[in-house]
Structure formats: C-alpha cells, structure tokens
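**Student:** See input.pdb below, with PDB, C-alpha atoms.
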MODEL        1
ATOM      1  CA  ILE A1459      46.990 108.137  75.611  1.00  0.00           C
ATOM      2  CA  ARG A1460      46.625 106.248  78.887  1.00  0.00           C
ATOM      3  CA  GLY A1461      49.694 104.177  78.088  1.00  0.00           C
ATOM      4  CA  ARG A1462      51.778 107.283  77.515  1.00  0.00           C
ATOM      5  CA  ILE A1463      50.568 108.873  80.736  1.00  0.00           C
ATOM      6  CA  PHE A1464      51.354 105.671  82.627  1.00  0.00           C
ATOM      7  CA  ALA A1465      54.815 105.532  81.040  1.00  0.00           C
ATOM      8  CA  PHE A1466      55.439 109.161  82.014  1.00  0.00           C
ATOM      9  CA  ASP A1467      54.333 108.395  85.578  1.00  0.00           C
ATOM     10  CA  ILE A1468      56.747 105.454  85.785  1.00  0.00           C
ATOM     11  CA  ALA A1469      59.519 107.648  84.350  1.00  0.00           C
ATOM     12  CA  LEU A1470      58.921 110.278  87.051  1.00  0.00           C
ATOM     13  CA  ILE A1471      58.967 107.609  89.751  1.00  0.00           C
ATOM     14  CA  THR A1472      62.255 106.249  88.403  1.00  0.00           C
ATOM     15  CA  LEU A1473      63.737 109.752  88.267  1.00  0.00           C
ATOM     16  CA  THR A1474      62.631 110.473  91.835  1.00  0.00           C
ATOM     17  CA  LEU A1475      64.114 107.211  93.101  1.00  0.00           C
ATOM     18  CA  SER A1476      67.443 107.873  91.413  1.00  0.00           C
ATOM     19  CA  ILE A1477      67.646 111.460  92.701  1.00  0.00           C
ATOM     20  CA  SER A1478      66.800 110.417  96.259  1.00  0.00           C
ATOM     21  CA  SER A1479      69.400 107.638  96.074  1.00  0.00           C
ATOM     22  CA  LEU A1480      72.039 110.120  94.956  1.00  0.00           C
ATOM     23  CA  ILE A1481      71.117 112.514  97.757  1.00  0.00           C
ATOM     24  CA  ALA A1482      71.191 109.722 100.352  1.00  0.00           C
ATOM     25  CA  ALA A1483      74.555 108.526  99.046  1.00  0.00           C
ATOM     26  CA  GLY A1484      75.962 112.042  99.254  1.00  0.00           C
ATOM     27  CA  ILE A1485      74.760 112.471 102.819  1.00  0.00           C
ATOM     28  CA  ALA A1486      76.098 109.033 103.765  1.00  0.00           C
ATOM     29  CA  GLU A1487      79.469 109.897 102.255  1.00  0.00           C
ATOM     30  CA  LEU A1488      79.690 113.148 104.202  1.00  0.00           C
ATOM     31  CA  ALA A1489      78.080 112.249 107.516  1.00  0.00           C
ATOM     32  CA  GLY A1490      77.702 108.467 107.662  1.00  0.00           C
ATOM     33  CA  PRO A1491      74.897 106.029 106.945  1.00  0.00           C
ATOM     34  CA  ARG A1492      72.964 106.541 110.201  1.00  0.00           C
ATOM     35  CA  THR A1493      72.802 110.271 109.629  1.00  0.00           C
ATOM     36  CA  ALA A1494      71.731 109.709 106.020  1.00  0.00           C
ATOM     37  CA  ILE A1495      68.881 107.457 107.130  1.00  0.00           C
ATOM     38  CA  PHE A1496      67.812 109.982 109.753  1.00  0.00           C
ATOM     39  CA  VAL A1497      67.895 112.931 107.330  1.00  0.00           C
ATOM     40  CA  MET A1498      66.000 111.040 104.616  1.00  0.00           C
ATOM     41  CA  ALA A1499      63.404 109.948 107.184  1.00  0.00           C
ATOM     42  CA  LEU A1500      62.947 113.568 108.308  1.00  0.00           C
ATOM     43  CA  ILE A1501      62.529 114.694 104.702  1.00  0.00           C
ATOM     44  CA  SER A1502      59.902 111.988 104.153  1.00  0.00           C
ATOM     45  CA  LEU A1503      58.068 112.942 107.328  1.00  0.00           C
ATOM     46  CA  ALA A1504      58.094 116.621 106.368  1.00  0.00           C
ATOM     47  CA  TYR A1505      56.761 115.805 102.894  1.00  0.00           C
ATOM     48  CA  ALA A1506      54.005 113.612 104.332  1.00  0.00           C
ATOM     49  CA  THR A1507      53.009 116.358 106.763  1.00  0.00           C
ATOM     50  CA  VAL A1508      52.865 119.013 104.044  1.00  0.00           C
ATOM     51  CA  TRP A1509      50.882 116.664 101.768  1.00  0.00           C
ATOM     52  CA  THR A1510      48.397 115.849 104.546  1.00  0.00           C
ATOM     53  CA  VAL A1511      47.826 119.507 105.381  1.00  0.00           C
ATOM     54  CA  ALA A1512      47.616 120.560 101.726  1.00  0.00           C
ATOM     55  CA  THR A1513      45.046 117.883 100.826  1.00  0.00           C
ATOM     56  CA  ARG A1514      42.904 118.103 103.974  1.00  0.00           C
ATOM     57  CA  LYS A1515      40.067 119.948 102.191  1.00  0.00           C
ATOM     58  CA  ILE A1516      40.038 117.486  99.296  1.00  0.00           C
ATOM     59  CA  ARG A1517      39.915 114.489 101.620  1.00  0.00           C
ATOM     60  CA  ALA A1518      37.146 116.097 103.692  1.00  0.00           C
ATOM     61  CA  ASP A1519      34.988 116.510 100.585  1.00  0.00           C
ATOM     62  CA  LEU A1520      35.306 112.858  99.566  1.00  0.00           C
ATOM     63  CA  PRO A1521      32.330 110.607 100.250  1.00  0.00           C
ATOM     64  CA  ASN A1522      32.852 107.911 102.868  1.00  0.00           C
TER
ENDMDL
END
With the file now loaded, output its structure as structure tokens.

**Tutor:**
Amino acid sequence: IRGRIFAFDIALITLTLSISSLIAAGIAELAGPRTAIFVMALISLAYATVWTVATRKIRADLPN
C-alpha cells in the first residue's frame, strides 16, 4: 500500500509541475518571460502565505 501511495504522490507532483509549466508558458507567450516569472512568483508567495496561516494551529501544537 505504501508503494501505491508514494506512486500516487509522485504522479500528483508530476501533474502539478506540468500544469504550472503550461500556465507559465501561456503567460510568457502573452506578456513576456519577465512578467511570467513575476506572476508565478506572486502565485507561489500567495500559496505559501495561505498555507502558513491555515496550518498555524497545527504547527503550534507540535512538540519542539
């Protein structure tokens, strides 16, 4: 079972990488590479902020 879960995890990572590459390529085609980098960086920063806020309680309950 662990092998199948690990394989599914790797499949999701691969899917996420391909989707983000397609999105970045589309933005670069429309607005240029610098804008694509900036937009993708903003999306990553927004995701990291949401993740940090959403998991604050869980991280606070973890032992040091």

**Student:** Identify all residues satisfying the PyMOL selection byres ((chain A and resi 1478) around 12) in the given file; provide them as a list in words.

**Tutor:**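 After applying the PyMOL selection byres ((chain A and resi 1478) around 12), what remains is Ile1471, Thr1472, Leu1473, Thr1474, Leu1475, Ser1476, Ile1477, Ser1479, Leu1480, Ile1481, Ala1482, Ala1483, Gly1484, Ile1485, Ala1494, Ile1495, Val1497, Met1498, Ala1499, Ile1501 and Ser1502 of chain A.
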
**Student:** Which distance in Å separates CA of Leu1488 in chain A and CA of Ala1469 in chain A, to one decimal?

**Tutor:**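 Taking CA of Leu1488 in chain A and CA of Ala1469 in chain A, their separation equals 28.8 Å.
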
**Student:** To one decimal place in Å, what is the distance between CA of Val1508 in chain A and CA of Phe1466 in chain A?

**Tutor:**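 Computing the Euclidean distance for CA of Val1508 in chain A and CA of Phe1466 in chain A yields 24.3 Å.
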
**Student:** I'd like the interatomic distance between CA of Ala1506 in chain A and CA of Ala1518 in chain A, to a tenth of an Å.

**Tutor:**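 Going from CA of Ala1506 in chain A over to CA of Ala1518 in chain A, I get 17.1 Å.
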
**Student:** Would you give the centre and edge lengths, in Å to one decimal, of a box along x, y and z around the listed atoms of range 1466-1479 of chain A, with 3 Å added to each side, as JSON?

**Tutor:**
{"center_x": 61.9, "center_y": 108.5, "center_z": 89.1, "size_x": 21.1, "size_y": 12.0, "size_z": 20.2}
